[in-house]
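As stored in target26.cif (mmCIF, C-alpha atoms):
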```cif
data_upload
#
loop_
_atom_site.label_atom_id
_atom_site.label_comp_id
_atom_site.auth_asym_id
_atom_site.auth_seq_id
_atom_site.Cartn_x
_atom_site.Cartn_y
_atom_site.Cartn_z
CA MET Y 1 157.48 130.23 160.81
CA ASN Y 2 158.22 128.84 157.39
CA LYS Y 3 158.20 125.33 158.77
CA ARG Y 4 154.68 125.76 160.20
CA MET Y 5 153.39 127.20 156.93
CA PHE Y 6 154.86 124.24 155.06
CA GLN Y 7 153.16 121.81 157.42
CA MET Y 8 149.80 123.55 156.97
CA LEU Y 9 150.21 123.43 153.21
CA VAL Y 10 150.93 119.71 153.31
CA LEU Y 11 147.88 119.09 155.48
CA VAL Y 12 145.63 121.05 153.09
CA LEU Y 13 146.97 119.18 150.08
CA ALA Y 14 146.45 115.86 151.83
CA PHE Y 15 142.88 116.79 152.75
CA VAL Y 16 142.11 117.85 149.16
CA ALA Y 17 143.63 114.60 147.86
CA VAL Y 18 141.48 112.53 150.22
CA ILE Y 19 138.31 114.43 149.29
CA GLY Y 20 139.16 114.11 145.58
CA TYR Y 21 139.76 110.38 145.92
CA VAL Y 22 136.41 109.89 147.73
CA LYS Y 23 134.52 111.85 145.09
CA PHE Y 24 136.29 109.96 142.31
CA GLN Y 25 135.18 106.68 143.83
CA GLN Y 26 131.60 107.95 144.17
CA ILE Y 27 131.45 109.15 140.55
CA SER Y 28 133.03 105.93 139.27
CA GLY Y 29 130.47 103.91 141.21
CA ALA Y 30 127.61 106.01 139.83
CA ILE Y 31 128.89 105.55 136.28
CA THR Y 32 129.20 101.81 136.76
CA ALA Y 33 125.70 101.65 138.28
CA GLY Y 34 124.31 103.74 135.45
CA LYS Y 35 125.75 101.39 132.86
CA SER Y 36 124.17 98.40 134.53
CA TYR Y 37 120.86 100.15 135.36
CA ALA Y 38 117.77 98.68 133.67
CA PRO Y 39 114.54 100.71 133.78
CA PRO Y 40 111.48 98.90 135.15
CA PRO Y 41 109.34 97.20 132.50
CA GLU Y 42 106.45 99.20 131.04
CA ALA Y 43 102.93 97.79 131.47
CA VAL Y 44 101.20 97.27 128.10
CA THR Y 45 98.29 95.40 126.57
CA THR Y 46 98.78 93.10 123.61
CA THR Y 47 96.92 91.15 120.97
CA ILE Y 48 97.92 88.29 118.70
CA ALA Y 49 97.89 89.32 115.03
CA ALA Y 50 95.38 87.24 113.09
CA THR Y 51 94.22 87.18 109.49
CA SER Y 52 90.62 88.22 108.78
CA ALA Y 53 88.58 88.65 105.60
CA TRP Y 54 87.68 92.25 104.81
CA ALA Y 55 85.42 93.41 102.03
CA SER Y 56 86.76 96.27 99.97
CA THR Y 57 84.46 99.21 100.63
CA ILE Y 58 83.89 102.79 99.57
CA ASN Y 59 82.82 105.08 102.41
CA SER Y 60 81.17 108.43 101.93
CA VAL Y 61 78.77 110.92 103.50
CA GLY Y 62 75.44 111.40 101.79
CA SER Y 63 72.20 113.30 102.19
CA VAL Y 64 68.66 111.96 102.19
CA ALA Y 65 66.12 113.13 99.63
CA PRO Y 66 62.51 111.98 99.20
CA VAL Y 67 61.51 109.69 96.36
CA GLN Y 68 58.22 111.59 96.43
CA GLY Y 69 58.03 114.90 98.26
CA VAL Y 70 56.20 118.14 97.65
CA THR Y 71 54.85 121.20 99.41
CA LEU Y 72 51.17 121.43 98.48
CA SER Y 73 49.93 124.91 97.68
CA ALA Y 74 46.66 126.62 96.82
CA ASP Y 75 45.85 126.49 93.10
CA LEU Y 76 43.18 129.22 93.28
CA PRO Y 77 42.55 131.94 95.87
CA GLY Y 78 39.82 131.43 98.43
CA VAL Y 79 38.80 131.06 102.06
CA VAL Y 80 39.61 127.80 103.89
CA GLU Y 81 36.26 126.08 104.49
CA ARG Y 82 37.44 122.70 105.80
CA ILE Y 83 40.70 121.04 106.89
CA GLY Y 84 40.66 117.27 106.53
CA PHE Y 85 43.96 116.20 108.13
CA GLU Y 86 46.09 116.56 111.24
CA SER Y 87 49.71 117.73 111.18
CA GLY Y 88 52.05 114.74 111.10
CA ALA Y 89 49.31 112.28 110.13
CA ARG Y 90 49.61 109.64 107.41
CA VAL Y 91 47.34 110.40 104.45
CA ARG Y 92 46.35 108.33 101.44
CA GLU Y 93 46.47 109.26 97.79
CA GLY Y 94 43.36 111.25 96.85
CA ASP Y 95 42.41 112.32 100.41
CA ALA Y 96 40.92 115.82 100.56
CA LEU Y 97 43.32 117.78 102.75
CA VAL Y 98 41.93 121.33 102.46
CA VAL Y 99 38.68 122.56 100.89
CA LEU Y 100 38.24 126.21 99.91
CA ASP Y 101 34.92 128.02 99.82
CA ALA Y 102 33.36 127.45 96.36
CA ARG Y 103 29.77 128.74 96.82
CA GLN Y 104 30.14 131.28 94.02
CA GLU Y 105 31.44 128.66 91.62
CA ARG Y 106 28.57 126.31 92.53
CA ALA Y 107 26.04 129.02 91.73
CA GLN Y 108 27.78 129.63 88.41
CA LEU Y 109 27.70 125.88 87.81
CA ALA Y 110 23.94 125.74 88.34
CA SER Y 111 23.45 128.55 85.81
CA ALA Y 112 25.77 126.89 83.30
CA GLN Y 113 23.98 123.55 83.70
CA ALA Y 114 20.64 125.26 82.99
CA GLN Y 115 22.10 126.83 79.84
CA ARG Y 116 23.41 123.45 78.76
CA ASP Y 117 20.04 121.79 79.34
CA LEU Y 118 18.35 124.47 77.23
CA ALA Y 119 20.95 124.07 74.51
CA LYS Y 120 20.39 120.29 74.55
CA ILE Y 121 16.62 120.71 74.12
CA THR Y 122 17.16 123.15 71.26
CA LEU Y 123 19.62 120.75 69.61
CA ASP Y 124 17.20 117.82 69.82
CA ARG Y 125 14.40 119.95 68.30
CA GLN Y 126 16.64 121.14 65.48
CA ARG Y 127 17.66 117.53 64.74
CA LYS Y 128 14.01 116.52 64.27
CA LEU Y 129 13.30 119.52 62.05
CA LEU Y 130 16.42 118.76 60.01
CA ASP Y 131 15.28 115.16 59.53
CA GLN Y 132 11.96 116.54 58.18
CA THR Y 133 13.91 118.94 55.91
CA VAL Y 134 12.09 121.86 57.52
CA ILE Y 135 15.29 123.79 58.41
CA PRO Y 136 18.60 124.08 56.58
CA GLN Y 137 21.75 122.29 57.79
CA SER Y 138 23.26 125.58 58.95
CA ASP Y 139 20.58 126.08 61.63
CA TYR Y 140 21.30 122.63 63.03
CA ASP Y 141 25.05 123.30 63.04
CA ILE Y 142 24.51 126.51 65.02
CA ALA Y 143 22.44 124.66 67.63
CA ALA Y 144 25.09 121.91 67.91
CA ALA Y 145 27.86 124.50 68.44
CA GLN Y 146 25.82 126.30 71.11
CA PHE Y 147 25.33 122.99 72.98
CA LYS Y 148 29.07 122.28 72.90
CA GLN Y 149 29.81 125.76 74.24
CA ALA Y 150 27.33 125.29 77.08
CA ASP Y 151 28.76 121.87 77.92
CA ALA Y 152 32.32 123.28 77.93
CA ALA Y 153 31.25 126.08 80.28
CA VAL Y 154 29.90 123.48 82.73
CA LEU Y 155 33.16 121.50 82.57
CA GLU Y 156 35.21 124.66 83.14
CA ILE Y 157 33.30 125.59 86.30
CA GLU Y 158 33.45 122.00 87.58
CA ALA Y 159 37.22 122.09 87.10
CA SER Y 160 37.43 125.35 89.08
CA ILE Y 161 35.45 123.78 91.91
CA GLY Y 162 37.74 120.74 91.83
CA ARG Y 163 40.83 122.95 92.01
CA LYS Y 164 39.51 124.42 95.26
CA THR Y 165 39.89 121.02 96.91
CA ILE Y 166 43.58 120.28 97.63
CA ARG Y 167 44.06 116.50 97.57
CA ALA Y 168 47.06 114.32 98.41
CA PRO Y 169 48.81 113.39 95.13
CA PHE Y 170 50.35 110.31 96.77
CA SER Y 171 50.33 108.48 100.10
CA GLY Y 172 52.72 109.81 102.71
CA ILE Y 173 53.24 111.77 105.92
CA ALA Y 174 51.75 115.24 106.16
CA GLY Y 175 53.92 117.90 107.75
CA ILE Y 176 52.85 120.90 109.79
CA ARG Y 177 49.95 122.69 108.12
CA GLN Y 178 50.48 126.31 107.14
CA VAL Y 179 46.82 127.43 107.07
CA ASN Y 180 43.94 127.72 109.51
CA LEU Y 181 40.17 127.44 109.18
CA GLY Y 182 38.66 130.64 107.73
CA GLN Y 183 42.01 131.94 106.47
CA TYR Y 184 42.16 133.57 103.04
CA VAL Y 185 44.86 132.03 100.88
CA ARG Y 186 46.19 133.35 97.63
CA SER Y 187 47.16 131.30 94.62
CA GLY Y 188 50.51 129.63 95.34
CA ASP Y 189 50.38 129.97 99.13
CA PRO Y 190 51.83 126.85 100.83
CA ILE Y 191 49.34 124.53 102.51
CA VAL Y 192 51.35 121.61 103.92
CA PRO Y 193 54.50 119.60 103.04
CA LEU Y 194 53.87 115.97 102.09
CA GLN Y 195 56.63 113.34 102.07
CA SER Y 196 56.58 109.67 101.18
CA LEU Y 197 59.04 107.97 103.57
CA ASP Y 198 58.64 104.30 102.60
CA ARG Y 199 61.62 104.69 100.27
CA VAL Y 200 64.16 107.51 100.11
CA PHE Y 201 67.01 108.57 97.89
CA VAL Y 202 70.51 108.75 99.36
CA ASN Y 203 72.77 111.03 97.32
CA PHE Y 204 76.52 110.81 97.92
CA ALA Y 205 79.78 111.66 96.15
CA VAL Y 206 82.57 109.27 95.13
CA PRO Y 207 86.09 110.31 93.99
CA GLN Y 208 86.63 109.96 90.27
CA GLN Y 209 89.42 107.42 90.88
CA ARG Y 210 86.96 104.92 92.37
CA ILE Y 211 83.86 105.48 90.26
CA ALA Y 212 84.86 102.65 87.92
CA GLN Y 213 84.33 100.23 90.81
CA LEU Y 214 80.64 101.11 91.11
CA ARG Y 215 77.76 99.68 89.10
CA VAL Y 216 74.04 100.33 89.09
CA GLY Y 217 72.54 97.71 91.36
CA ASP Y 218 75.44 97.57 93.87
CA VAL Y 219 74.33 97.17 97.48
CA VAL Y 220 74.55 100.25 99.71
CA ALA Y 221 74.31 100.46 103.51
CA ALA Y 222 73.29 103.77 105.12
CA ALA Y 223 72.99 104.92 108.73
CA ALA Y 224 72.05 108.28 110.20
CA ASP Y 225 74.82 108.08 112.83
CA SER Y 226 77.66 105.81 113.88
CA SER Y 227 75.71 104.48 116.87
CA ALA Y 228 72.93 103.01 114.73
CA ARG Y 229 72.71 99.28 115.42
CA GLU Y 230 70.99 98.57 112.11
CA ARG Y 231 72.15 100.01 108.81
CA LEU Y 232 69.46 100.37 106.18
CA SER Y 233 70.14 98.61 102.91
CA GLY Y 234 69.49 99.77 99.37
CA ARG Y 235 70.90 99.68 95.87
CA ILE Y 236 72.54 102.20 93.55
CA THR Y 237 69.95 103.36 91.02
CA ALA Y 238 71.80 106.15 89.19
CA ILE Y 239 75.36 107.36 88.60
CA ASN Y 240 75.86 110.88 87.30
CA PRO Y 241 77.76 110.81 83.99
CA VAL Y 242 79.35 114.21 84.73
CA VAL Y 243 82.34 114.76 87.06
CA ASP Y 244 82.16 117.87 89.25
CA ASP Y 245 85.04 120.00 87.97
CA ALA Y 246 85.41 121.71 91.37
CA THR Y 247 85.74 118.61 93.56
CA ARG Y 248 86.48 115.90 90.95
CA ASN Y 249 83.75 113.80 92.53
CA VAL Y 250 80.88 111.96 90.87
CA GLN Y 251 77.37 112.10 92.31
CA VAL Y 252 75.75 108.72 92.98
CA GLN Y 253 72.13 108.07 93.94
CA ALA Y 254 70.88 105.02 95.83
CA THR Y 255 67.33 104.03 96.68
CA VAL Y 256 66.98 102.78 100.26
CA ALA Y 257 64.05 101.00 101.89
CA ASN Y 258 63.31 103.27 104.85
CA ARG Y 259 61.96 100.83 107.41
CA GLY Y 260 60.31 102.62 110.30
CA GLY Y 261 60.92 106.03 108.74
CA ALA Y 262 64.37 106.25 110.38
CA LEU Y 263 65.71 108.47 107.58
CA ARG Y 264 64.17 111.87 106.96
CA PRO Y 265 64.74 114.16 103.97
CA GLY Y 266 67.65 116.51 104.61
CA MET Y 267 69.52 114.15 106.96
CA TYR Y 268 73.22 113.47 106.57
CA VAL Y 269 74.06 109.75 106.57
CA SER Y 270 77.18 107.60 106.45
CA VAL Y 271 77.24 105.44 103.32
CA THR Y 272 79.17 102.23 102.74
CA VAL Y 273 79.35 100.43 99.38
CA ALA Y 274 80.94 96.98 99.22
CA VAL Y 275 83.01 96.58 96.04
CA GLY Y 276 84.99 93.57 94.88
CA ALA Y 277 85.76 90.31 96.66
CA LYS Y 278 86.83 90.03 100.28
CA GLN Y 279 90.56 90.27 100.96
CA LYS Y 280 92.60 88.66 103.73
CA VAL Y 281 94.26 91.28 105.92
CA ILE Y 282 95.76 91.56 109.38
CA ALA Y 283 93.56 93.95 111.37
CA LEU Y 284 94.88 95.70 114.47
CA PRO Y 285 93.30 98.28 116.79
CA ALA Y 286 94.12 101.84 115.83
CA SER Y 287 95.63 102.30 119.31
CA ALA Y 288 98.40 99.87 118.30
CA ILE Y 289 99.66 102.18 115.54
CA ASN Y 290 102.36 104.71 116.32
CA PHE Y 291 101.54 107.37 113.71
CA ALA Y 292 104.54 109.51 112.77
CA PRO Y 293 105.60 111.72 109.83
CA TYR Y 294 108.62 109.51 109.10
CA GLY Y 295 106.55 106.34 109.00
CA ASN Y 296 103.89 104.41 110.90
CA SER Y 297 105.00 101.59 113.16
CA VAL Y 298 103.94 99.03 115.75
CA PHE Y 299 105.78 97.36 118.61
CA ILE Y 300 106.14 93.57 118.50
CA VAL Y 301 106.73 91.70 121.75
CA GLU Y 302 109.65 89.21 121.61
CA ASP Y 303 112.20 87.50 123.84
CA LEU Y 304 115.31 89.70 123.79
CA LYS Y 305 118.79 89.37 125.31
CA GLY Y 306 120.18 91.98 127.65
CA PRO Y 307 123.80 93.22 127.80
CA GLY Y 308 124.65 90.47 130.25
CA GLY Y 309 123.17 87.76 128.06
CA ALA Y 310 120.02 87.34 130.16
CA THR Y 311 116.74 86.89 128.27
CA TYR Y 312 113.88 89.29 128.98
CA ARG Y 313 110.48 90.19 127.50
CA GLY Y 314 110.90 93.26 125.32
CA VAL Y 315 109.62 95.02 122.22
CA ARG Y 316 110.91 95.65 118.72
CA GLN Y 317 109.68 98.59 116.67
CA GLN Y 318 108.40 97.50 113.27
CA PHE Y 319 107.44 99.91 110.48
CA VAL Y 320 104.23 98.95 108.68
CA LYS Y 321 102.08 99.89 105.70
CA LEU Y 322 98.45 100.68 106.44
CA GLY Y 323 95.35 99.87 104.42
CA ALA Y 324 91.69 100.73 104.90
CA SER Y 325 90.06 101.18 108.30
CA GLN Y 326 86.79 99.91 109.71
CA GLY Y 327 85.63 101.34 113.02
CA ASP Y 328 88.40 100.86 115.57
CA LEU Y 329 90.42 98.55 113.32
CA VAL Y 330 93.13 99.33 110.75
CA ALA Y 331 94.29 96.88 108.07
CA ILE Y 332 98.05 96.16 108.00
CA THR Y 333 99.17 95.36 104.46
CA ASP Y 334 102.87 94.85 105.19
CA GLY Y 335 105.15 94.55 108.23
CA VAL Y 336 103.23 92.22 110.57
CA LYS Y 337 102.75 88.47 110.29
CA ALA Y 338 99.96 86.36 111.72
CA GLY Y 339 100.78 84.99 115.16
CA GLN Y 340 103.03 87.86 116.25
CA VAL Y 341 102.24 89.54 119.58
CA VAL Y 342 101.59 93.25 119.04
CA VAL Y 343 101.30 95.99 121.66
CA THR Y 344 97.82 97.56 121.55
CA SER Y 345 98.16 100.33 124.17
CA GLY Y 346 101.03 102.23 125.71
CA VAL Y 347 103.01 102.55 122.46
CA PHE Y 348 103.77 106.22 123.10
CA LYS Y 349 106.09 105.34 126.01
CA LEU Y 350 108.00 102.53 124.28
CA ARG Y 351 111.27 102.35 122.41
CA THR Y 352 113.12 99.51 120.71
CA SER Y 353 114.45 96.90 123.21
CA ALA Y 354 112.32 98.32 126.05
CA ALA Y 355 111.27 95.73 128.63
CA VAL Y 356 107.54 95.25 129.04
CA THR Y 357 105.09 93.47 131.28
CA ILE Y 358 101.79 92.37 129.76
CA ASN Y 359 98.50 93.14 131.51
CA ASN Y 360 95.46 92.32 129.35
CA SER Y 361 92.83 92.72 132.04
CA VAL Y 362 91.52 95.83 130.21
CA GLN Y 363 91.72 95.93 126.42
CA PRO Y 364 91.22 98.93 124.10
CA SER Y 365 88.16 98.89 121.86
CA ALA Y 366 88.63 96.81 118.72
CA SER Y 367 85.33 96.67 116.88
CA ALA Y 368 84.64 97.11 113.18
CA ASN Y 369 81.30 98.73 114.09
CA PRO Y 370 81.79 100.51 117.44
CA GLN Y 371 78.80 101.67 119.46
CA PRO Y 372 79.91 104.67 121.58
CA GLN Y 373 78.11 104.63 124.91
CA ASP Y 374 77.79 108.42 125.10
CA ASN Y 375 75.89 108.77 121.80
#
```

Could you write out this file's structure as structure tokens?
Amino acid sequence: MNKRMFQMLVLVLAFVAVIGYVKFQQISGAITAGKSYAPPPEAVTTTIAATSAWASTINSVGSVAPVQGVTLSADLPGVVERIGFESGARVREGDALVVLDARQERAQLASAQAQRDLAKITLDRQRKLLDQTVIPQSDYDIAAAQFKQADAAVLEIEASIGRKTIRAPFSGIAGIRQVNLGQYVRSGDPIVPLQSLDRVFVNFAVPQQRIAQLRVGDVVAAAADSSARERLSGRITAINPVVDDATRNVQVQATVANRGGALRPGMYVSVTVAVGAKQKVIALPASAINFAPYGNSVFIVEDLKGPGGATYRGVRQQFVKLGASQGDLVAITDGVKAGQVVVTSGVFKLRTSAAVTINNSVQPSASANPQPQDN
């Protein structure tokens, strides 16, 4: 009995030893394979770093204001007798836009003119009598004063009649009229907005640290949105001497030639001011930058050696210093040299010494003035 139990125990131990040896060989093989395993190369796009000349610019967001703009209103109360314009039409300086009923004033004018004519006849008669020394000087002076009073009364009524005709103070575009024919308007009631759009003001703010770079007369480019193919050009005409103590910004005003009326008062616009001479920088697409709290970096493609001494195409992570940006491009001030091959897409899946395969059939956008297709 004991002999059989001993034999069974030996058999079990032998079986366990065999199983253990097999598993040991399997694990050792897996470890050896793991050490020699090389992940497949990652597909990336690349570009060759090149030097380009960039102008130093100040970018801001501004608002459009009219050089000449006003909401015309009624000077005197009255009933609208005639409307001489259409909403949205271009009007010229001096055009009669709205005429109020002035029949009462015209009747008063006729009476005042009659009084003036009578006063003129009396004055002429008194002058002749004074020349003949028939009347004293005082009688002539009274007649002269009465004529002046009558003439002033005529001028006053003519002015009242003129104030009942609302004229365009300058040439421009009329807005939507606020009155209708036959409507009674009170003094101060709005009639129509009028804007001159040939030139507009663009008001924008600049940080106090950069205001010393600006001068009156500097060229400004403005666009209503990033998809605008043509940026309107103008010049700085005024710089506020006071710094806003809440934002520490300085208000700047530029006058822009508004070709085609593309800019309207109240619009927000992107503003670019070129300052200083152009600088040579290495510009890379923003997609090439691996932005991180510990430092920004790019991946440079190089020929690397593997553990076995074989050469392969891989990447090296390089930390860089960034400068200004223009559209899709970012200026690299330090860390990349001209001629180096830099990864432009797929950086999020890379690490130092990772193998890569280059496929440049589709490249990320790299334009200083991108035109989004969905805008």

On this file, the PyMOL selection byres ((chain Y and resi 47-61) around 8) gives some set of residues; write that set as a PyMOL selection string.
chain Y and resi 45-46+62-63+204-206+268-284+336-344

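Once the PyMOL selection byres ((chain Y and resi 157) around 10) is applied to the shown structure, the selection contains Glu105, Arg106, Ala107, Gln108, Leu109, Ala110, Ala112, Gln113, Ala152, Ala153, Val154, Leu155, Glu156, Glu158, Ala159, Ser160, Ile161, Gly162 and Arg163 of chain Y.
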
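Taking CA of Gly314 in chain Y and CA of Ser287 in chain Y as the two end points, the separation is 18.7 Å.
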
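Note that the spacing between CA of Ala102 in chain Y and CA of Lys164 in chain Y amounts to 6.9 Å.
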
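Shortest atom-to-atom contact with Leu100 in chain Y among Y:Leu181, Y:Val362, Y:Ile19, Y:Val80: Y:Val80, counting all atoms listed in the file.
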
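Among the candidates Y:Gly261, Y:Pro293, Y:Pro285, Y:Gly346, the one nearest to Ile332 in chain Y when counting all atoms listed in the file is Y:Pro285.
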